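> One structure follows; several queries about it will come next.
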Amino acid sequence: MNTLRHLHADKAMNLGTMAFQHTSRDSQYFLIDKPELRDTYGHLIGQIAWSHWQNLEEVAKDFDGTLGSYPGFPNDWTIDPLKIACLRRVCDACHVDARRAPAFLAALKKPHGSAELHGRFQAFIQTPFVKHGRMHFTSTKPFPVEDREAWWLGYDLLREADRELSEVDSLLGETGRPVLKAHGVANVQSPQRLARDLKTEGWTPVDTAVRITDVAKIVQTLGGGHLYGRNSTVPLRELIQNARDAVVARRIQERREADWGSIRARLLHQGEEYWLEVEDNGLGMSEGVLCGPLIDFGESYWDSDRVAQEWPGLLAAGFQPVGKYGIGFFSVFMIGEHVTIATRRPKDGKPDTRVLEFEQGLEARPILRPATAAEQRNEPGSLVRVLLTAKPTDRDGILGPMNFDEGPFDRVRRDKPWEIKELCEWLCPALDVDLFVAHDQVEQLAIKADDWRTIEPRKLVERTILDRDEKDRILNSPLMTSLLASIRPVRDSENQMIGRACLWPEINFQEEYTTTADFQSRRVVWGTEGMVTCGPFRSSRAQKAIGLWIGRPTLAARNDACAVAIDYPLQLMEWATEQADLLAERDLDLIQAEQAATMIRSIGADTGRLPIAFNETGFLDFPTLCAMDDLGPEVVIFPTDWSDRMWFVEPDRQQKANPDRHVLPNSLGVLSPRMRGGLLRGYRRNEDPKQRASHAAWKRFWMSLWGATMEAVATAWGVSLDEMLAVSDICTKTKFFNAPVGVDAEGKEIRSVEVDILRRPI
């Protein structure tokens with residue numbers, strides 16, 4: 001709606017000169033019939049109409065001066081565009097009585113939403129009058145409780161009208177023009193006072209709006225370390241993010257190529273000082289943005305009305321900003337107090353560059369000033385400079401060693417300082433804008449726009465684990481070398497790439513490391529996981545999958561995210577099914593194969609040739625179990641862990657049966673308990689994407705190897721899952737079954753508790 005309003009204002013610019021006709025053969029019609037008047041004043045009328053959407057300071061600049069009279073008329077018939085524009089503003093702001101919303105027109109149009117609320121308020125209001133320099137709005141009937149929202153909307157409208165009248169009054173007086181008779185709106189200083197004129201019935205308007213007295217304190221508390229923790233890389237990420245949004249917005253606004261634009265992040269050592277600079281060639285910022293959304297804690301520019309005003313059609317054209325909360329910029333004060341922002345918009349010239357400067361952080365007000373000759377930007381965009389309070393490579397510097405809790409599930413530990421190129425790659429793994437970095441004067445390309453889609457798998461994985469001091473050891477491990485070839489794209493329903501990864505099964509680290517010296521670090525490779533982004537930027541880790549997943553944030557700090565792939569279960573299952581086929585070809589031990597099968601089944605995909613259960617003959621995969629034609633009318637399935645399996649089957653490559661322990665015929669040991677696996681957090685677990693059954697037991701087990709075993713048995717019997725489960729004994733939270741599942745070397749019965757007894761329907 002806001003976009004339409006601003007597009008309407010843009011259209012008003014041309015109404016004074018625009019021709020109207022039904023077909024190309026019809027005559028042309030104009031709002032101003034006389035050509036001479038249209039040519040003389042049409043453009044000015046359009047400018048005044050459009051100026052309603054500008055702030056008053058911009059209007060004063062655009063209409064500074066007096067125009068002569070129309071040729072042939074007295075020369076003292078001058079035109080004052082500023083006064084006319086001011087009248088236009090206050091007339092619109094104050095036109096909120098019943099004349100603007102006739103009841104019959106409302107009955108015809110049937111407005112809804114905010115338009116309906118406006119109409120309800122205006123229907124109560126009588127014609128306003130001026131008394132003692134104030135405009136009075138009154139109603140002859142009280143607002144009942146069911147119309148309280150309309151009353152509060154009217155309160156906001158009248159406060160806005162009061163602001164317009166006050167600002168216009170000041171502007172006219174300061175420029176030597178006659179002021180208006182009304183200087184404000186009466187009784188809008190509080191709801192209780194306005195209720196004297198706009199009476200209520202059955203309720204009392206009380207202003208309970210949340211207030212923040214000490215803005216600087218709340219910004220310091222919520223916009224820095226208290227929000228982001230001891231993560232000194234956050235300011236760099238946030239500055240690059242703001243630059244990225246500005247570049248992509250300009251790319252879309254000007255219809256440029258999909259990879260147009262660039263960002264530059266530089267570390268400069270000047271004497272005893274270290275400066276961080278982040279520069280872009282994006283949209284730049286107006287003075288209104290510099291003094292408004294940029295420094296308005298909690299207000300995102302991209303969600304404000306100003307976007308539609310300054311760049312109409314941008315959001316409708318598909319622009320999706322990463323910045324959403326309006327708090328990221330304030331993280332910059334975590335690393336420095338002296339901050340300058342030099343910016344210029346595409347429609348402005350080099351001398352129009354403006355600078356917002358913070359000299360003492362949030363303790364003092366910033367200043368807005370024209371750029372010096374050295375600060376003027378040769379091309380549109382913004383440059384943010386921060387004087388760092390710590391040496392970059394110190395522990396609390398932006399390139400320093402790390403040891404902090406990154407989010408609810410992750411801890412980052414790095415003992416070595418960063419190179420700025422490595423840090424930017426790690427922070428911005430899926431960046432869709434070219435990013436150049438420089439340490440002092442040496443500049444190099446860190447990330448090519450969207451290169452995560454095409455770079456070599458080893459380079460992709462390296463980018464996600466650059467925070468690990470042992471990255472080379474991880475990349476050169478035998479399992480990693482084997483699995484890199486299994487990295488495959490993950491796509492959404494429109495075939496857009498939303499991930500690029502492969503499953504990463506648990507490592508049997510006794511085989512990976514054998515010396516005492518390796519004991520403390522033997523889990524280095526075992527703990528490797530992939531990365532989930534917040535848009536193009538790093539957010540958190542992925543479970544049991546190496547590579548990269550595009551995600552969305554779950555926290556305002558953006559240090560946790562869920563992969564968008566969870567919204568596409570069928571496409572995710574296709575990827576996981578292919579992973580099962582690829583992993584079956586790898587040299588995996590039993591633990592790794594079981595872990596892989598568990599993760600694949602956790603999203604309902606086919607486990608292929610990976611083992612899911614075992615019987616007296618050895619380990620069984622899903623197709624083999626489905627093809628068994630010697631299952632009796634009853635099958636007992638029982639949960640196991642690793643020690644249980646040692647009783648029945650030797651854990652070697654040949655999968656030989658243990659001669660001392662035997663599984664009873666028609667008993668199946670499942671390679672994981674009834675638990676559900678967890679490949680991606682946030683995955684919807686309430687409904688099987690394939691809708692294989694509706695039984696309550698199936699809803700609990702379909703995501704586990706337990707469910708896979710149930711499904712395979714039903715397939716082997718040639719019956720539906722629902723039919724089988726309806727006649728079977730399935731454990732619940734309050735009801736349990738136990739049965740013999742094997743015999744030991746002495747022929748004694750081995751029983752298992754909490755078994756499920758599957759029966760073939762008659």
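Residue numbering restarts at 1 for every chain of the structure tokens, chains are lettered A, B, ... in their displayed order, and ligands are numbered from 1 as they appear.
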Would you pick out the contacts of A:Cys86 at 8 Å or less, using only C-alpha atoms, so that residues sharing its chain but fewer than 4 positions from it are not included, and give the list as a list in words?

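Answer for this query is Leu82, Val90 and Val168 of chain A.
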
> Do you have the atom CA of A:Asp396-atom CA of A:Val322 distance handy?

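Distance reported for this atom pair: 26.5 Å.
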
> Please, what distance in Å, to one decimal, runs between atom CA of A:Phe63 and atom CA of A:Gly46?

12.8 Å

> Work out how far apart atom CA of A:Asp432 and atom CA of A:Phe537 are and give it in Å to one decimal.

9.9 Å

> Fewer than 6 positions away in the same chain doesn't count, so skip those; otherwise give me all residues within 9 Å of A:Thr127, counting only C-alpha atoms, as a ChimeraX atom specification.

/A:96-99,136-138

> Using backbone DSSP assignments, extract all alpha helix (DSSP H) residues from stretch 439-600 of chain A; output them as a ChimeraX atom specification.

/A:457-464,471-475,478-483,509-512,523-526,569-584,590-600

> Select, from A:Lys733, A:Arg89, A:Arg256, A:Lys141, the residue with the minimum atom-to-atom distance to A:Ala123, counting only C-alpha atoms.

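Of the candidates, the smallest distance to A:Ala123 is held by A:Lys141.
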
> Could you give me, as a count of residues only, the residues within 9 Å of A:Asn242, counting only C-alpha atoms and dropping anything in the same chain fewer than 2 positions from it?

13

> Near stretch 469-474 of chain A, within 8 Å and counting only C-alpha atoms, which residues show up once chain neighbours fewer than 2 positions away are dropped, as a list in words?

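Near stretch 469-474 of chain A, the qualifying residues are Arg414, Asp415, Lys416, Glu462, Ile465, Leu466, Asp467, Asn476, Ser477, Met480, Val524, Val525 and Thr528 of chain A.
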
> Write out as a PyMOL selection string all residues of stretch 576-745 of chain A that DSSP puts in strand (DSSP E or B) for this structure's backbone.

chain A and resi 611-615+618-621+634-639+649+657+662-663+667-670+729+738-743

> Could you name the residues that touch A:Asn281 at 12 Å or less, counting only C-alpha atoms, but leaving out those on the same chain fewer than 6 positions away, as JSON, numbers by chain?

{"A": [242, 243, 244, 245, 246, 247, 248, 249, 250, 251, 260, 261, 262, 263, 264, 342, 343, 344, 345, 346, 377, 378, 379, 380, 381, 382, 383, 433, 434, 435]}

> Can you tell me which residues surround A:Lys199 at a distance of at most 12 Å, considering only C-alpha atoms, apart from same-chain residues fewer than 2 positions away, and format the answer as a PDB file with N, CA and C atoms, in the first residue's frame?


```
ATOM      1  N   PHE A 124     -16.942  10.391  12.380  1.00  0.00           N
ATOM      2  CA  PHE A 124     -17.315  11.004  13.646  1.00  0.00           C
ATOM      3  C   PHE A 124     -17.036  12.514  13.672  1.00  0.00           C
ATOM      4  N   ILE A 125     -16.158  13.006  12.776  1.00  0.00           N
ATOM      5  CA  ILE A 125     -15.566  14.336  12.945  1.00  0.00           C
ATOM      6  C   ILE A 125     -16.370  15.408  12.206  1.00  0.00           C
ATOM      7  N   PHE A 137     -10.801  20.056  16.413  1.00  0.00           N
ATOM      8  CA  PHE A 137     -11.560  18.967  15.804  1.00  0.00           C
ATOM      9  C   PHE A 137     -12.506  18.427  16.869  1.00  0.00           C
ATOM     10  N   THR A 138     -13.773  18.280  16.510  1.00  0.00           N
ATOM     11  CA  THR A 138     -14.777  17.856  17.477  1.00  0.00           C
ATOM     12  C   THR A 138     -15.666  16.777  16.869  1.00  0.00           C
ATOM     13  N   SER A 139     -16.368  16.086  17.762  1.00  0.00           N
ATOM     14  CA  SER A 139     -17.352  15.092  17.313  1.00  0.00           C
ATOM     15  C   SER A 139     -18.632  15.295  18.106  1.00  0.00           C
ATOM     16  N   THR A 140     -19.794  15.085  17.495  1.00  0.00           N
ATOM     17  CA  THR A 140     -21.075  15.270  18.173  1.00  0.00           C
ATOM     18  C   THR A 140     -21.533  14.005  18.875  1.00  0.00           C
ATOM     19  N   LYS A 141     -20.906  12.889  18.554  1.00  0.00           N
ATOM     20  CA  LYS A 141     -21.263  11.634  19.213  1.00  0.00           C
ATOM     21  C   LYS A 141     -19.982  10.976  19.733  1.00  0.00           C
ATOM     22  N   PRO A 142     -20.071  10.269  20.854  1.00  0.00           N
ATOM     23  CA  PRO A 142     -18.868   9.660  21.441  1.00  0.00           C
ATOM     24  C   PRO A 142     -18.452   8.395  20.694  1.00  0.00           C
ATOM     25  N   PHE A 143     -17.170   8.073  20.824  1.00  0.00           N
ATOM     26  CA  PHE A 143     -16.629   6.844  20.248  1.00  0.00           C
ATOM     27  C   PHE A 143     -16.893   5.683  21.213  1.00  0.00           C
ATOM     28  N   PRO A 144     -17.671   4.682  20.813  1.00  0.00           N
ATOM     29  CA  PRO A 144     -17.879   3.528  21.700  1.00  0.00           C
ATOM     30  C   PRO A 144     -16.613   2.670  21.767  1.00  0.00           C
ATOM     31  N   VAL A 145     -16.601   1.703  22.663  1.00  0.00           N
ATOM     32  CA  VAL A 145     -15.406   0.897  22.869  1.00  0.00           C
ATOM     33  C   VAL A 145     -15.023   0.113  21.619  1.00  0.00           C
ATOM     34  N   ASP A 147     -15.059   1.148  18.706  1.00  0.00           N
ATOM     35  CA  ASP A 147     -14.385   2.053  17.770  1.00  0.00           C
ATOM     36  C   ASP A 147     -13.127   2.669  18.382  1.00  0.00           C
ATOM     37  N   ARG A 148     -12.595   2.030  19.399  1.00  0.00           N
ATOM     38  CA  ARG A 148     -11.402   2.589  20.059  1.00  0.00           C
ATOM     39  C   ARG A 148     -10.192   2.623  19.126  1.00  0.00           C
ATOM     40  N   TRP A 151     -10.440   5.668  17.128  1.00  0.00           N
ATOM     41  CA  TRP A 151     -10.108   6.845  17.928  1.00  0.00           C
ATOM     42  C   TRP A 151      -8.596   7.017  18.014  1.00  0.00           C
ATOM     43  N   TYR A 155      -6.176   9.984  16.797  1.00  0.00           N
ATOM     44  CA  TYR A 155      -5.210  10.664  17.674  1.00  0.00           C
ATOM     45  C   TYR A 155      -3.870  10.817  16.963  1.00  0.00           C
ATOM     46  N   PRO A 191      -3.863  12.103  25.237  1.00  0.00           N
ATOM     47  CA  PRO A 191      -5.161  11.501  24.889  1.00  0.00           C
ATOM     48  C   PRO A 191      -6.292  12.013  25.765  1.00  0.00           C
ATOM     49  N   GLN A 192      -5.976  12.237  27.055  1.00  0.00           N
ATOM     50  CA  GLN A 192      -7.020  12.694  27.951  1.00  0.00           C
ATOM     51  C   GLN A 192      -7.553  14.063  27.529  1.00  0.00           C
ATOM     52  N   ARG A 193      -6.679  14.965  27.095  1.00  0.00           N
ATOM     53  CA  ARG A 193      -7.119  16.297  26.665  1.00  0.00           C
ATOM     54  C   ARG A 193      -7.917  16.209  25.369  1.00  0.00           C
ATOM     55  N   LEU A 194      -7.469  15.360  24.424  1.00  0.00           N
ATOM     56  CA  LEU A 194      -8.200  15.247  23.163  1.00  0.00           C
ATOM     57  C   LEU A 194      -9.589  14.658  23.396  1.00  0.00           C
ATOM     58  N   ALA A 195      -9.709  13.807  24.425  1.00  0.00           N
ATOM     59  CA  ALA A 195     -11.008  13.193  24.709  1.00  0.00           C
ATOM     60  C   ALA A 195     -12.052  14.219  25.121  1.00  0.00           C
ATOM     61  N   ARG A 196     -11.638  15.445  25.460  1.00  0.00           N
ATOM     62  CA  ARG A 196     -12.612  16.497  25.741  1.00  0.00           C
ATOM     63  C   ARG A 196     -13.372  16.873  24.471  1.00  0.00           C
ATOM     64  N   ASP A 197     -12.669  16.855  23.330  1.00  0.00           N
ATOM     65  CA  ASP A 197     -13.291  17.206  22.051  1.00  0.00           C
ATOM     66  C   ASP A 197     -13.829  15.975  21.328  1.00  0.00           C
ATOM     67  N   GLU A 201     -17.075   6.680  25.059  1.00  0.00           N
ATOM     68  CA  GLU A 201     -18.168   6.142  25.859  1.00  0.00           C
ATOM     69  C   GLU A 201     -17.834   4.709  26.262  1.00  0.00           C
ATOM     70  N   GLY A 202     -17.738   4.485  27.585  1.00  0.00           N
ATOM     71  CA  GLY A 202     -17.466   3.137  28.080  1.00  0.00           C
ATOM     72  C   GLY A 202     -15.991   2.810  28.195  1.00  0.00           C
ATOM     73  N   TRP A 203     -15.119   3.762  27.872  1.00  0.00           N
ATOM     74  CA  TRP A 203     -13.680   3.512  27.998  1.00  0.00           C
ATOM     75  C   TRP A 203     -12.964   4.848  28.078  1.00  0.00           C
ATOM     76  N   THR A 204     -11.727   4.824  28.576  1.00  0.00           N
ATOM     77  CA  THR A 204     -10.937   6.039  28.738  1.00  0.00           C
ATOM     78  C   THR A 204      -9.601   5.875  28.017  1.00  0.00           C
ATOM     79  N   PRO A 205      -9.276   6.771  27.086  1.00  0.00           N
ATOM     80  CA  PRO A 205      -7.987   6.663  26.390  1.00  0.00           C
ATOM     81  C   PRO A 205      -6.832   7.061  27.300  1.00  0.00           C
TER      82      PRO A 205
END
```
